[in-house]
$ cat query32.cif   # mmCIF, C-alpha atoms and all ligand atoms
data_coords
#
loop_
_atom_site.label_atom_id
_atom_site.label_comp_id
_atom_site.auth_asym_id
_atom_site.auth_seq_id
_atom_site.Cartn_x
_atom_site.Cartn_y
_atom_site.Cartn_z
CA MET A 89 -1.88 22.47 -3.71
CA ALA A 90 -2.92 20.60 -0.60
CA THR A 91 -3.73 22.33 2.69
CA ASP A 92 -1.36 23.06 5.55
CA PHE A 93 -1.09 19.57 7.01
CA ARG A 94 1.63 18.49 9.45
CA HIS A 95 1.59 14.74 9.11
CA VAL A 96 0.25 12.02 6.86
CA PRO A 97 -2.74 10.33 8.56
CA VAL A 98 -2.97 6.59 9.22
CA ILE A 99 -6.28 4.94 8.29
CA ASP A 100 -7.32 1.45 9.32
CA VAL A 101 -9.23 0.13 6.30
CA ALA A 102 -10.13 -3.30 7.73
CA ASP A 103 -13.89 -2.59 7.71
CA LEU A 104 -13.76 -1.35 4.14
CA VAL A 105 -11.81 -4.38 2.95
CA ALA A 106 -14.17 -6.73 4.81
CA GLY A 107 -17.23 -4.86 3.53
CA THR A 108 -18.61 -4.57 7.07
CA GLU A 109 -20.74 -1.85 8.57
CA GLY A 110 -17.85 0.39 9.56
CA LYS A 111 -16.93 1.00 5.92
CA GLN A 112 -18.79 4.32 5.81
CA ALA A 113 -16.65 5.58 8.69
CA VAL A 114 -13.52 4.49 6.80
CA ALA A 115 -14.85 6.31 3.72
CA SER A 116 -15.22 9.52 5.76
CA GLN A 117 -11.63 9.27 6.94
CA LEU A 118 -10.47 8.70 3.36
CA ASP A 119 -12.44 11.76 2.24
CA LYS A 120 -10.87 13.91 4.94
CA ALA A 121 -7.35 12.74 4.07
CA CYS A 122 -7.94 13.21 0.35
CA ARG A 123 -9.04 16.79 0.93
CA GLN A 124 -6.28 17.70 3.35
CA SER A 125 -3.15 16.03 2.11
CA GLY A 126 -3.96 13.68 -0.77
CA PHE A 127 -1.72 11.25 1.10
CA PHE A 128 -2.55 8.64 3.74
CA TYR A 129 -1.19 5.41 5.19
CA VAL A 130 -3.42 2.35 5.15
CA VAL A 131 -3.21 -0.41 7.77
CA GLY A 132 -5.58 -3.35 8.20
CA HIS A 133 -5.42 -3.83 4.42
CA GLY A 134 -5.12 -7.62 4.54
CA VAL A 135 -2.19 -7.97 2.11
CA ASP A 136 -0.06 -10.94 3.17
CA ALA A 137 3.04 -9.83 5.11
CA GLY A 138 5.02 -12.89 3.99
CA LEU A 139 4.43 -12.00 0.34
CA GLN A 140 5.76 -8.48 0.97
CA GLN A 141 8.85 -9.78 2.76
CA ARG A 142 9.60 -12.22 -0.03
CA LEU A 143 9.22 -9.43 -2.58
CA GLU A 144 11.74 -7.30 -0.72
CA GLN A 145 14.25 -10.12 -0.29
CA LEU A 146 14.10 -11.16 -3.93
CA SER A 147 14.34 -7.57 -5.12
CA ARG A 148 17.50 -7.03 -3.07
CA GLN A 149 18.95 -10.17 -4.61
CA PHE A 150 18.14 -8.90 -8.08
CA PHE A 151 19.72 -5.46 -7.59
CA ALA A 152 22.85 -6.94 -5.95
CA GLN A 153 23.78 -8.60 -9.25
CA PRO A 154 26.33 -7.13 -11.68
CA ILE A 155 24.92 -4.57 -14.11
CA GLU A 156 25.45 -6.94 -17.07
CA GLU A 157 23.10 -9.47 -15.47
CA LYS A 158 20.48 -6.82 -14.79
CA GLU A 159 20.74 -5.47 -18.31
CA GLN A 160 19.75 -8.87 -19.71
CA ILE A 161 16.21 -7.59 -19.19
CA ALA A 162 16.87 -3.92 -20.05
CA MET A 163 13.81 -1.88 -20.99
CA ALA A 164 15.13 -1.65 -24.52
CA HIS A 165 14.10 -5.34 -24.85
CA GLY A 166 10.58 -4.59 -23.57
CA GLY A 167 9.68 -2.46 -26.60
CA ARG A 168 6.22 -0.93 -26.55
CA ALA A 169 5.21 -2.83 -23.43
CA TRP A 170 7.51 -0.53 -21.40
CA ARG A 171 8.86 -3.28 -19.17
CA GLY A 172 12.20 -4.31 -17.74
CA TYR A 173 15.25 -2.87 -16.03
CA PHE A 174 16.61 0.68 -16.17
CA ARG A 175 19.88 2.00 -14.73
CA VAL A 176 20.51 4.77 -12.21
CA GLY A 177 20.04 8.08 -14.02
CA ASP A 178 18.00 6.69 -16.94
CA GLU A 179 14.67 8.05 -15.75
CA LEU A 180 14.09 11.79 -15.62
CA THR A 181 11.89 13.97 -13.39
CA SER A 182 11.47 17.54 -14.67
CA GLY A 183 14.38 16.82 -17.02
CA LYS A 184 16.79 15.78 -14.22
CA PRO A 185 18.09 12.20 -13.86
CA ASP A 186 16.67 10.33 -10.84
CA GLN A 187 19.14 8.63 -8.51
CA LYS A 188 17.44 5.28 -8.72
CA GLU A 189 17.48 2.06 -10.72
CA GLY A 190 14.45 -0.09 -11.17
CA LEU A 191 12.19 -2.62 -12.77
CA TYR A 192 8.94 -1.91 -14.62
CA PHE A 193 6.12 -4.43 -14.61
CA GLY A 194 2.50 -4.45 -15.71
CA GLN A 195 -0.35 -6.81 -16.36
CA GLU A 196 1.08 -10.00 -17.84
CA LEU A 197 -0.38 -10.30 -21.34
CA PRO A 198 0.72 -13.02 -23.78
CA ALA A 199 2.18 -12.03 -27.15
CA ASP A 200 -0.95 -13.34 -28.92
CA HIS A 201 -3.34 -11.19 -26.89
CA PRO A 202 -5.33 -8.93 -29.26
CA LEU A 203 -4.09 -5.72 -27.58
CA VAL A 204 -0.48 -6.89 -27.88
CA GLN A 205 -1.04 -7.97 -31.47
CA ALA A 206 -2.41 -4.49 -32.14
CA GLN A 207 0.85 -3.09 -30.67
CA THR A 208 -0.98 -1.15 -27.97
CA PRO A 209 1.62 0.81 -26.00
CA LEU A 210 2.21 -0.37 -22.41
CA HIS A 211 0.56 -3.74 -23.03
CA GLY A 212 2.47 -6.99 -23.33
CA PRO A 213 4.46 -9.65 -21.53
CA ASN A 214 6.74 -8.74 -18.62
CA LEU A 215 10.49 -9.20 -18.66
CA PHE A 216 11.44 -11.28 -15.65
CA PRO A 217 15.05 -11.97 -14.66
CA GLU A 218 16.55 -15.43 -14.81
CA GLN A 219 17.78 -14.87 -11.26
CA PRO A 220 16.19 -14.86 -8.80
CA ALA A 221 13.68 -17.01 -10.70
CA GLU A 222 11.10 -16.81 -7.92
CA LEU A 223 10.69 -13.07 -8.51
CA ARG A 224 8.26 -13.80 -11.35
CA GLN A 225 5.70 -15.60 -9.25
CA VAL A 226 6.04 -13.20 -6.32
CA VAL A 227 5.63 -10.08 -8.50
CA LEU A 228 2.56 -11.54 -10.22
CA GLY A 229 1.05 -12.54 -6.86
CA TYR A 230 1.75 -9.11 -5.43
CA MET A 231 0.17 -7.35 -8.41
CA THR A 232 -2.98 -9.49 -8.04
CA ALA A 233 -3.22 -8.64 -4.33
CA LEU A 234 -2.65 -4.93 -4.91
CA THR A 235 -5.14 -4.76 -7.77
CA GLN A 236 -7.77 -6.07 -5.38
CA LEU A 237 -6.73 -3.57 -2.69
CA GLY A 238 -6.82 -0.77 -5.27
CA LYS A 239 -10.42 -1.67 -6.14
CA GLN A 240 -11.38 -1.73 -2.46
CA LEU A 241 -9.76 1.63 -1.73
CA MET A 242 -11.36 3.24 -4.77
CA ALA A 243 -14.74 1.90 -3.59
CA GLY A 244 -14.09 3.64 -0.27
CA ILE A 245 -13.03 6.85 -2.04
CA ALA A 246 -16.24 6.74 -4.09
CA LEU A 247 -18.30 6.37 -0.91
CA GLY A 248 -16.39 9.25 0.67
CA LEU A 249 -17.31 11.43 -2.32
CA GLY A 250 -20.97 10.53 -1.82
CA LEU A 251 -21.00 8.30 -4.90
CA ASP A 252 -22.06 4.71 -5.34
CA GLU A 253 -19.20 2.46 -4.26
CA GLY A 254 -19.08 0.96 -7.75
CA TYR A 255 -18.58 4.36 -9.40
CA PHE A 256 -14.93 3.96 -10.39
CA ASP A 257 -15.44 0.34 -11.34
CA GLN A 258 -18.13 1.50 -13.77
CA HIS A 259 -16.00 4.40 -15.01
CA GLY A 260 -12.68 2.94 -15.96
CA THR A 261 -11.26 0.59 -13.34
CA ARG A 262 -13.13 -2.67 -13.89
CA ASP A 263 -10.10 -3.66 -15.95
CA PRO A 264 -7.59 -1.13 -14.57
CA LEU A 265 -4.21 -0.25 -15.99
CA ALA A 266 -1.99 -1.55 -13.23
CA LEU A 267 1.66 -0.61 -13.38
CA PHE A 268 4.09 -1.87 -10.79
CA ARG A 269 7.64 -0.72 -10.19
CA ILE A 270 10.46 -1.82 -7.96
CA PHE A 271 12.97 0.93 -7.25
CA ASN A 272 16.39 0.82 -5.65
CA TYR A 273 17.73 4.19 -4.49
CA PRO A 274 21.45 3.99 -3.80
CA PRO A 275 22.86 6.58 -1.36
CA PRO A 276 23.03 9.86 -3.35
CA LYS A 277 26.53 10.78 -4.56
CA ALA A 278 25.95 14.50 -4.01
CA ALA A 279 23.68 16.52 -1.74
CA GLU A 280 21.82 18.20 -4.59
CA LEU A 281 20.81 14.94 -6.25
CA TRP A 282 17.30 13.56 -5.72
CA GLY A 283 16.20 9.93 -5.76
CA VAL A 284 13.13 11.29 -7.47
CA GLY A 285 12.46 15.01 -7.68
CA GLU A 286 9.19 16.78 -6.97
CA HIS A 287 6.34 15.37 -9.05
CA THR A 288 2.75 14.18 -8.94
CA ASP A 289 1.64 10.73 -10.04
CA TYR A 290 -0.38 10.35 -13.23
CA GLY A 291 -3.28 8.05 -12.51
CA LEU A 292 -5.85 7.55 -9.78
CA LEU A 293 -4.22 5.98 -6.75
CA THR A 294 -0.64 4.98 -5.93
CA ILE A 295 -0.11 2.33 -3.24
CA LEU A 296 3.49 2.36 -2.06
CA LEU A 297 5.39 -0.19 -0.03
CA GLN A 298 8.67 1.24 1.27
CA ASP A 299 11.46 -0.43 3.22
CA ASP A 300 12.56 0.90 6.61
CA THR A 301 15.02 3.52 5.26
CA GLY A 302 12.76 6.59 4.95
CA GLY A 303 13.25 9.59 2.66
CA LEU A 304 9.77 10.16 1.20
CA GLU A 305 8.47 13.74 1.56
CA VAL A 306 5.08 15.22 0.78
CA LYS A 307 4.36 18.87 -0.01
CA SER A 308 1.94 20.77 2.20
CA SER A 309 1.02 24.41 1.60
CA THR A 310 3.69 25.49 4.08
CA GLY A 311 6.52 23.06 3.46
CA TRP A 312 7.66 19.47 3.15
CA VAL A 313 6.30 16.82 5.51
CA SER A 314 8.01 13.46 5.86
CA ALA A 315 6.17 10.18 5.33
CA PRO A 316 8.40 7.81 7.30
CA PRO A 317 8.07 4.02 7.06
CA ILE A 318 5.38 2.52 9.31
CA ALA A 319 5.61 -1.26 9.63
CA GLY A 320 2.64 -3.08 8.09
CA SER A 321 1.39 -0.03 6.18
CA PHE A 322 1.21 1.20 2.62
CA VAL A 323 1.46 4.89 1.74
CA CYS A 324 -1.30 5.90 -0.66
CA ASN A 325 -1.49 9.05 -2.72
CA LEU A 326 -3.80 10.49 -5.33
CA GLY A 327 -2.80 10.96 -8.94
CA ASP A 328 -3.63 13.58 -11.57
CA MET A 329 -6.64 11.68 -12.91
CA LEU A 330 -8.44 11.76 -9.57
CA ASP A 331 -7.63 15.47 -9.38
CA ARG A 332 -9.14 15.84 -12.86
CA MET A 333 -12.19 13.69 -12.13
CA THR A 334 -13.01 15.49 -8.85
CA ARG A 335 -12.51 18.94 -10.45
CA GLY A 336 -9.66 19.59 -8.06
CA VAL A 337 -11.65 18.83 -4.90
CA TYR A 338 -9.02 16.13 -4.36
CA ARG A 339 -5.55 17.20 -5.45
CA SER A 340 -2.66 15.07 -6.65
CA THR A 341 -0.09 16.08 -4.06
CA PRO A 342 3.57 16.65 -5.03
CA HIS A 343 6.14 14.43 -3.38
CA ARG A 344 9.84 13.59 -3.68
CA VAL A 345 12.41 11.13 -2.35
CA ARG A 346 15.98 11.36 -1.16
CA ASN A 347 17.64 8.36 0.43
CA PRO A 348 18.90 9.63 3.82
CA ALA A 349 20.93 6.50 4.64
CA PRO A 350 24.35 5.15 3.60
CA ARG A 351 22.68 2.03 2.16
CA ASP A 352 20.24 1.16 -0.60
CA ARG A 353 16.58 2.15 -0.20
CA LEU A 354 13.98 -0.09 -1.81
CA SER A 355 10.44 0.99 -2.66
CA PHE A 356 7.57 -0.66 -4.48
CA PRO A 357 5.01 1.72 -5.99
CA PHE A 358 1.88 0.15 -7.44
CA PHE A 359 -0.14 2.45 -9.69
CA PHE A 360 -3.86 1.72 -9.83
CA ASP A 361 -5.04 3.63 -12.86
CA PRO A 362 -7.97 3.81 -15.29
CA ASN A 363 -8.06 1.46 -18.23
CA PHE A 364 -5.89 2.66 -21.12
CA PHE A 365 -8.97 3.28 -23.28
CA ALA A 366 -11.14 4.84 -20.58
CA PRO A 367 -12.17 8.44 -21.24
CA VAL A 368 -11.30 10.60 -18.23
CA ARG A 369 -14.12 13.00 -17.46
CA PRO A 370 -15.07 15.17 -14.49
CA ILE A 371 -17.61 13.62 -12.15
CA ASP A 372 -20.82 15.45 -11.25
CA LEU A 373 -20.19 15.29 -7.53
CA PRO A 374 -23.27 15.15 -5.30
CA SER A 375 -21.78 18.10 -3.37
CA GLY A 376 -21.57 20.18 -6.55
CA GLU A 377 -18.10 21.39 -5.54
CA VAL A 378 -15.50 22.71 -7.96
CA ALA A 379 -12.04 23.81 -6.82
CA PRO A 380 -10.11 26.72 -8.36
CA ASP A 381 -7.56 25.93 -11.04
CA ASP A 382 -4.09 25.43 -9.56
CA ARG A 383 -1.95 25.58 -12.69
CA SER A 384 0.30 28.38 -11.44
CA SER A 385 1.18 26.57 -8.22
CA ARG A 386 1.68 23.15 -9.78
CA TRP A 387 5.14 21.66 -10.14
CA ASP A 388 4.78 21.35 -13.93
CA LYS A 389 2.80 24.61 -14.46
CA THR A 390 0.18 22.71 -16.39
CA SER A 391 -3.46 22.20 -15.53
CA VAL A 392 -4.86 18.69 -15.37
CA HIS A 393 -8.30 20.24 -15.82
CA VAL A 394 -7.94 21.14 -19.46
CA PHE A 395 -7.04 17.55 -20.34
CA GLN A 396 -9.48 15.75 -22.61
CA GLY A 397 -9.06 12.21 -23.77
CA THR A 398 -8.41 8.72 -22.56
CA TYR A 399 -6.06 7.76 -19.76
CA GLY A 400 -3.78 6.24 -22.37
CA ASP A 401 -3.47 9.62 -24.08
CA TYR A 402 -2.47 11.26 -20.81
CA LEU A 403 0.03 8.58 -19.88
CA LEU A 404 1.77 8.50 -23.24
CA GLY A 405 2.34 12.23 -23.02
CA LYS A 406 4.22 11.59 -19.78
CA VAL A 407 6.24 8.60 -20.95
CA SER A 408 7.98 10.67 -23.53
CA LYS A 409 9.16 13.09 -20.84
CA VAL A 410 10.46 10.56 -18.31
CA PHE A 411 12.12 8.19 -20.78
CA PRO A 412 12.95 10.27 -23.86
CA GLN A 413 15.18 7.52 -25.25
CA LEU A 414 12.22 5.12 -25.30
CA LYS A 415 9.83 7.54 -26.95
CA ALA A 416 10.48 6.31 -30.44
CA LYS A 417 9.75 2.73 -29.41
CA VAL A 418 6.70 3.28 -27.28
CA LEU A 419 4.84 5.93 -29.22
C1 LIG A 501 6.77 7.30 -7.69
C2 LIG A 501 7.17 7.71 -6.33
C3 LIG A 501 8.12 7.08 -4.21
C4 LIG A 501 9.11 6.10 -3.69
O1 LIG A 501 7.25 6.25 -8.14
O2 LIG A 501 5.96 8.00 -8.32
O3 LIG A 501 6.84 8.79 -5.94
O4 LIG A 501 9.26 6.03 -2.48
N1 LIG A 501 7.84 6.84 -5.59
O5 LIG A 501 9.71 5.38 -4.49
NI NI A 502 5.25 9.49 -7.17
#
$ encode --input "query32.cif" --output "structure tokens" --more "lines below"
Ligand code: OGA
Ligand code: NI
Amino acid sequence: MATDFRHVPVIDVADLVAGTEGKQAVASQLDKACRQSGFFYVVGHGVDAGLQQRLEQLSRQFFAQPIEEKEQIAMAHGGRAWRGYFRVGDELTSGKPDQKEGLYFGQELPADHPLVQAQTPLHGPNLFPEQPAELRQVVLGYMTALTQLGKQLMAGIALGLGLDEGYFDQHGTRDPLALFRIFNYPPPKAAELWGVGEHTDYGLLTILLQDDTGGLEVKSSTGWVSAPPIAGSFVCNLGDMLDRMTRGVYRSTPHRVRNPAPRDRLSFPFFFDPNFFAPVRPIDLPSGEVAPDDRSSRWDKTSVHVFQGTYGDYLLGKVSKVFPQLKAKVL
């Protein structure tokens, strides 16, 4: 569990992204945020605002279509690649249906790519809708931009841990597993229903773009703290693999979402994760720190610190829980 924090800090990462002298100061701020809350906003990230606006507009157009149109690219057609559209209630968190619909994307790999030929789960071509046709190009452009930002932020996180800035690049993220989702949270039909219930993310770093609706909450040791929209920012949070790799010095912080407004809420989480085949191992931190095991206080009562294997192994174990109906196809 994270410490008793009251708000999610805002970090200007311009010097890190530019590679200028101030990057060490940015790294220190990242380190502080990772220790306290495992959540932080980034501004000064350099991702084109026009691209983000276009992504939001096109996504709204997509979700406004009749369900039959959206189901033309249903996840059932994505097979092992785990791509496409899912309906409200299809995805589960802790066994409960989330009040959101969405689109799953990943790195665009052609059908004749060796990993696709080998039927590697989560690898393959995306399913893009016929309408709006422009969504394809905008999603691919956004994923390229966010992959670069993910590398830059992980370089800063490495520096903050006292490691070489290329540490993560050399240990699993040179060719990262990048998963991108577009979610639409309709207003909840009942007060007890969650857009997405309490959970932690699986990988290293999640970079979230949210619209101006609000509803994201982060768990501190004394209660839930809101992470409201801040124009021009992304909300970043640490996943289970960074928790594992830092021996719990950085925790993956639980969070949840409930749409507070009588209109749709759109969000765009980008998951910057280790390569599917990368072994996930604890780092020998220069500080020599090790944090106590937190299994009993974790949302899923499991410890990420007993996990051994590749990131792909970890992720596949999760897929079967969130989309049980796809398990047979993906695994
Ligand atoms: C997630 C998540 C938050 C949001 O996808 O893991 O926590 O605002 N999303 O959609
Ligand atoms: Ni999450």
$ closest_atom_pairs --input "query32.cif" --of "chain A" --to "ligand NI 502 (chain A)" --cutoff "7 Å" --atoms "only C-alpha atoms and all ligand atoms" --output "CSV"
residue,atom,partner,partner_atom,distance
A:His287,CA,A:NI502,NI,6.3
A:Thr288,CA,A:NI502,NI,5.6
A:Asp289,CA,A:NI502,NI,4.8
A:His343,CA,A:NI502,NI,6.3
$ write_last_selection --input "query32.cif" --atoms "C-alpha atoms" --output "PDB file, keeping the file's coordinate frame"
ATOM      1  CA  HIS A 287       6.340  15.370  -9.050  1.00  0.00           C
ATOM      2  CA  THR A 288       2.750  14.180  -8.940  1.00  0.00           C
ATOM      3  CA  ASP A 289       1.640  10.730 -10.040  1.00  0.00           C
ATOM      4  CA  HIS A 343       6.140  14.430  -3.380  1.00  0.00           C
TER       5      HIS A 343
END
$ atom_distance --input "query32.cif" --atom1 "atom CA of A:Arg175" --atom2 "atom CA of A:Leu197"
24.6 Å
$ closest_residue --input "query32.cif" --among "A:Lys188, A:Arg224, A:His165, A:Lys307" --to "ligand LIG 501 (chain A)" --atoms "only C-alpha atoms and all ligand atoms"
A:Lys188
$ closest_atom_pairs --input "query32.cif" --of "chain A" --to "ligand LIG 501 (chain A)" --cutoff "10 Å" --atoms "all atoms listed in the file" --output "tab-separated table"
residue	atom	partner	partner_atom	distance
A:Thr181	CA	A:LIG501	O2	9.8
A:Lys188	CA	A:LIG501	O5	8.8
A:Gly190	CA	A:LIG501	O5	9.8
A:Phe268	CA	A:LIG501	O1	9.1
A:Arg269	CA	A:LIG501	O1	7.3
A:Ile270	CA	A:LIG501	O5	8.0
A:Phe271	CA	A:LIG501	O5	6.2
A:Asn272	CA	A:LIG501	O5	8.2
A:Tyr273	CA	A:LIG501	O5	8.1
A:Gly283	CA	A:LIG501	O5	8.0
A:Val284	CA	A:LIG501	O3	6.9
A:Gly285	CA	A:LIG501	O3	8.6
A:Glu286	CA	A:LIG501	O3	8.4
A:His287	CA	A:LIG501	O3	7.3
A:Thr288	CA	A:LIG501	O2	7.0
A:Asp289	CA	A:LIG501	O2	5.4
A:Tyr290	CA	A:LIG501	O2	8.4
A:Thr294	CA	A:LIG501	O2	7.6
A:Ile295	CA	A:LIG501	N1	9.4
A:Leu296	CA	A:LIG501	O4	6.9
A:Leu297	CA	A:LIG501	O4	7.7
A:Gln298	CA	A:LIG501	O4	6.1
A:Asp299	CA	A:LIG501	O4	8.9
A:Thr301	CA	A:LIG501	O4	10.0
A:Gly302	CA	A:LIG501	O4	8.2
A:Gly303	CA	A:LIG501	O4	7.4
A:Leu304	CA	A:LIG501	O4	5.6
A:Glu305	CA	A:LIG501	O4	8.7
A:Val306	CA	A:LIG501	O3	9.5
A:Ala315	CA	A:LIG501	O4	9.4
A:Pro316	CA	A:LIG501	O4	10.0
A:Pro317	CA	A:LIG501	O4	9.8
A:Val323	CA	A:LIG501	O4	8.9
A:Asn325	CA	A:LIG501	O3	8.9
A:Gly327	CA	A:LIG501	O2	9.3
A:Pro342	CA	A:LIG501	O3	8.6
A:His343	CA	A:LIG501	O3	6.2
A:Arg344	CA	A:LIG501	O3	6.1
A:Val345	CA	A:LIG501	O4	6.0
A:Arg346	CA	A:LIG501	O4	8.7
A:Asn347	CA	A:LIG501	O4	9.2
A:Arg353	CA	A:LIG501	O4	8.6
A:Leu354	CA	A:LIG501	O5	7.4
A:Ser355	CA	A:LIG501	O5	4.8
A:Phe356	CA	A:LIG501	O5	6.4
A:Pro357	CA	A:LIG501	O1	5.5
A:Phe358	CA	A:LIG501	O1	8.2
A:Phe359	CA	A:LIG501	O2	8.4
$ closest_residue --input "query32.cif" --among "A:Asp372, A:Asp352, A:Asp331, A:Asp186" --to "A:Cys122" --atoms "all atoms listed in the file"
A:Asp331
$ residues_near_point --input "query32.cif" --point "(8.0, -2.5, -20.8)" --cutoff "10 Å" --atoms "all atoms listed in the file" --output "PyMOL selection string"
chain A and resi 161-173+191-194+209-215+267+414+418
$ residues_around --input "query32.cif" --residues "A:Arg94" --least-positions-apart "2" --cutoff "10 Å" --atoms "all atoms listed in the file" --output "list in words"
Thr91, Asp92, Val96, Pro97, Ser125, Val306, Lys307, Ser308, Ser309, Thr310, Gly311, Trp312, Val313 and Ser314 of chain A
$ write_last_selection --input "query32.cif" --atoms "C-alpha atoms" --output "mmCIF file, in the coordinates of the input"
data_model
loop_
_atom_site.group_PDB
_atom_site.id
_atom_site.type_symbol
_atom_site.label_atom_id
_atom_site.label_comp_id
_atom_site.auth_asym_id
_atom_site.auth_seq_id
_atom_site.Cartn_x
_atom_site.Cartn_y
_atom_site.Cartn_z
ATOM 1 C CA THR A 91 -3.730 22.330 2.690
ATOM 2 C CA ASP A 92 -1.360 23.060 5.550
ATOM 3 C CA VAL A 96 0.250 12.020 6.860
ATOM 4 C CA PRO A 97 -2.740 10.330 8.560
ATOM 5 C CA SER A 125 -3.150 16.030 2.110
ATOM 6 C CA VAL A 306 5.080 15.220 0.780
ATOM 7 C CA LYS A 307 4.360 18.870 -0.010
ATOM 8 C CA SER A 308 1.940 20.770 2.200
ATOM 9 C CA SER A 309 1.020 24.410 1.600
ATOM 10 C CA THR A 310 3.690 25.490 4.080
ATOM 11 C CA GLY A 311 6.520 23.060 3.460
ATOM 12 C CA TRP A 312 7.660 19.470 3.150
ATOM 13 C CA VAL A 313 6.300 16.820 5.510
ATOM 14 C CA SER A 314 8.010 13.460 5.860
#
$ residues_around --input "query32.cif" --residues "A:Leu247" --least-positions-apart "2" --cutoff "10 Å" --atoms "all atoms listed in the file" --output "number ranges by chain"
A: 111-116, 118-119, 241-245, 249-255
$ atom_distance --input "query32.cif" --atom1 "atom CA of A:Ala319" --atom2 "atom CA of A:Gly126"
20.6 Å
$ residues_around --input "query32.cif" --residues "A:Tyr338" --least-positions-apart "3" --cutoff "12 Å" --atoms "all atoms listed in the file" --output "PyMOL selection string"
chain A and resi 89-91+118-127+245-246+248-249+292-293+325-335+341+370-371+373+377-382
$ residues_near_point --input "query32.cif" --point "(-13.4, 5.4, -14.9)" --cutoff "8 Å" --atoms "all atoms listed in the file" --output "ChimeraX atom specification"
/A:255-261,362-363,366-368
$ residues_around --input "query32.cif" --residues "A:Ala152" --least-positions-apart "4" --cutoff "12 Å" --atoms "all atoms listed in the file" --output "PDB file with C-alpha atoms, keeping the file's coordinate frame"
ATOM      1  CA  GLN A 145      14.250 -10.120  -0.290  1.00  0.00           C
ATOM      2  CA  LEU A 146      14.100 -11.160  -3.930  1.00  0.00           C
ATOM      3  CA  SER A 147      14.340  -7.570  -5.120  1.00  0.00           C
ATOM      4  CA  ARG A 148      17.500  -7.030  -3.070  1.00  0.00           C
ATOM      5  CA  GLU A 156      25.450  -6.940 -17.070  1.00  0.00           C
ATOM      6  CA  GLU A 157      23.100  -9.470 -15.470  1.00  0.00           C
ATOM      7  CA  LYS A 158      20.480  -6.820 -14.790  1.00  0.00           C
ATOM      8  CA  GLU A 189      17.480   2.060 -10.720  1.00  0.00           C
ATOM      9  CA  GLN A 219      17.780 -14.870 -11.260  1.00  0.00           C
ATOM     10  CA  PRO A 220      16.190 -14.860  -8.800  1.00  0.00           C
ATOM     11  CA  ASN A 272      16.390   0.820  -5.650  1.00  0.00           C
ATOM     12  CA  PRO A 274      21.450   3.990  -3.800  1.00  0.00           C
ATOM     13  CA  ASP A 352      20.240   1.160  -0.600  1.00  0.00           C
ATOM     14  CA  LEU A 354      13.980  -0.090  -1.810  1.00  0.00           C
TER      15      LEU A 354
END
$ atom_distance --input "query32.cif" --atom1 "atom CA of A:Glu222" --atom2 "atom CA of A:Pro276"
29.6 Å
$ closest_residue --input "query32.cif" --among "A:Phe364, A:Gly132, A:Ser385, A:Glu179" --to "A:Tyr402" --atoms "only C-alpha atoms"
A:Phe364
$ closest_residue --input "query32.cif" --among "A:Val130, A:Gly138, A:Pro202, A:Gly376" --to "A:Val337" --atoms "all atoms listed in the file"
A:Gly376
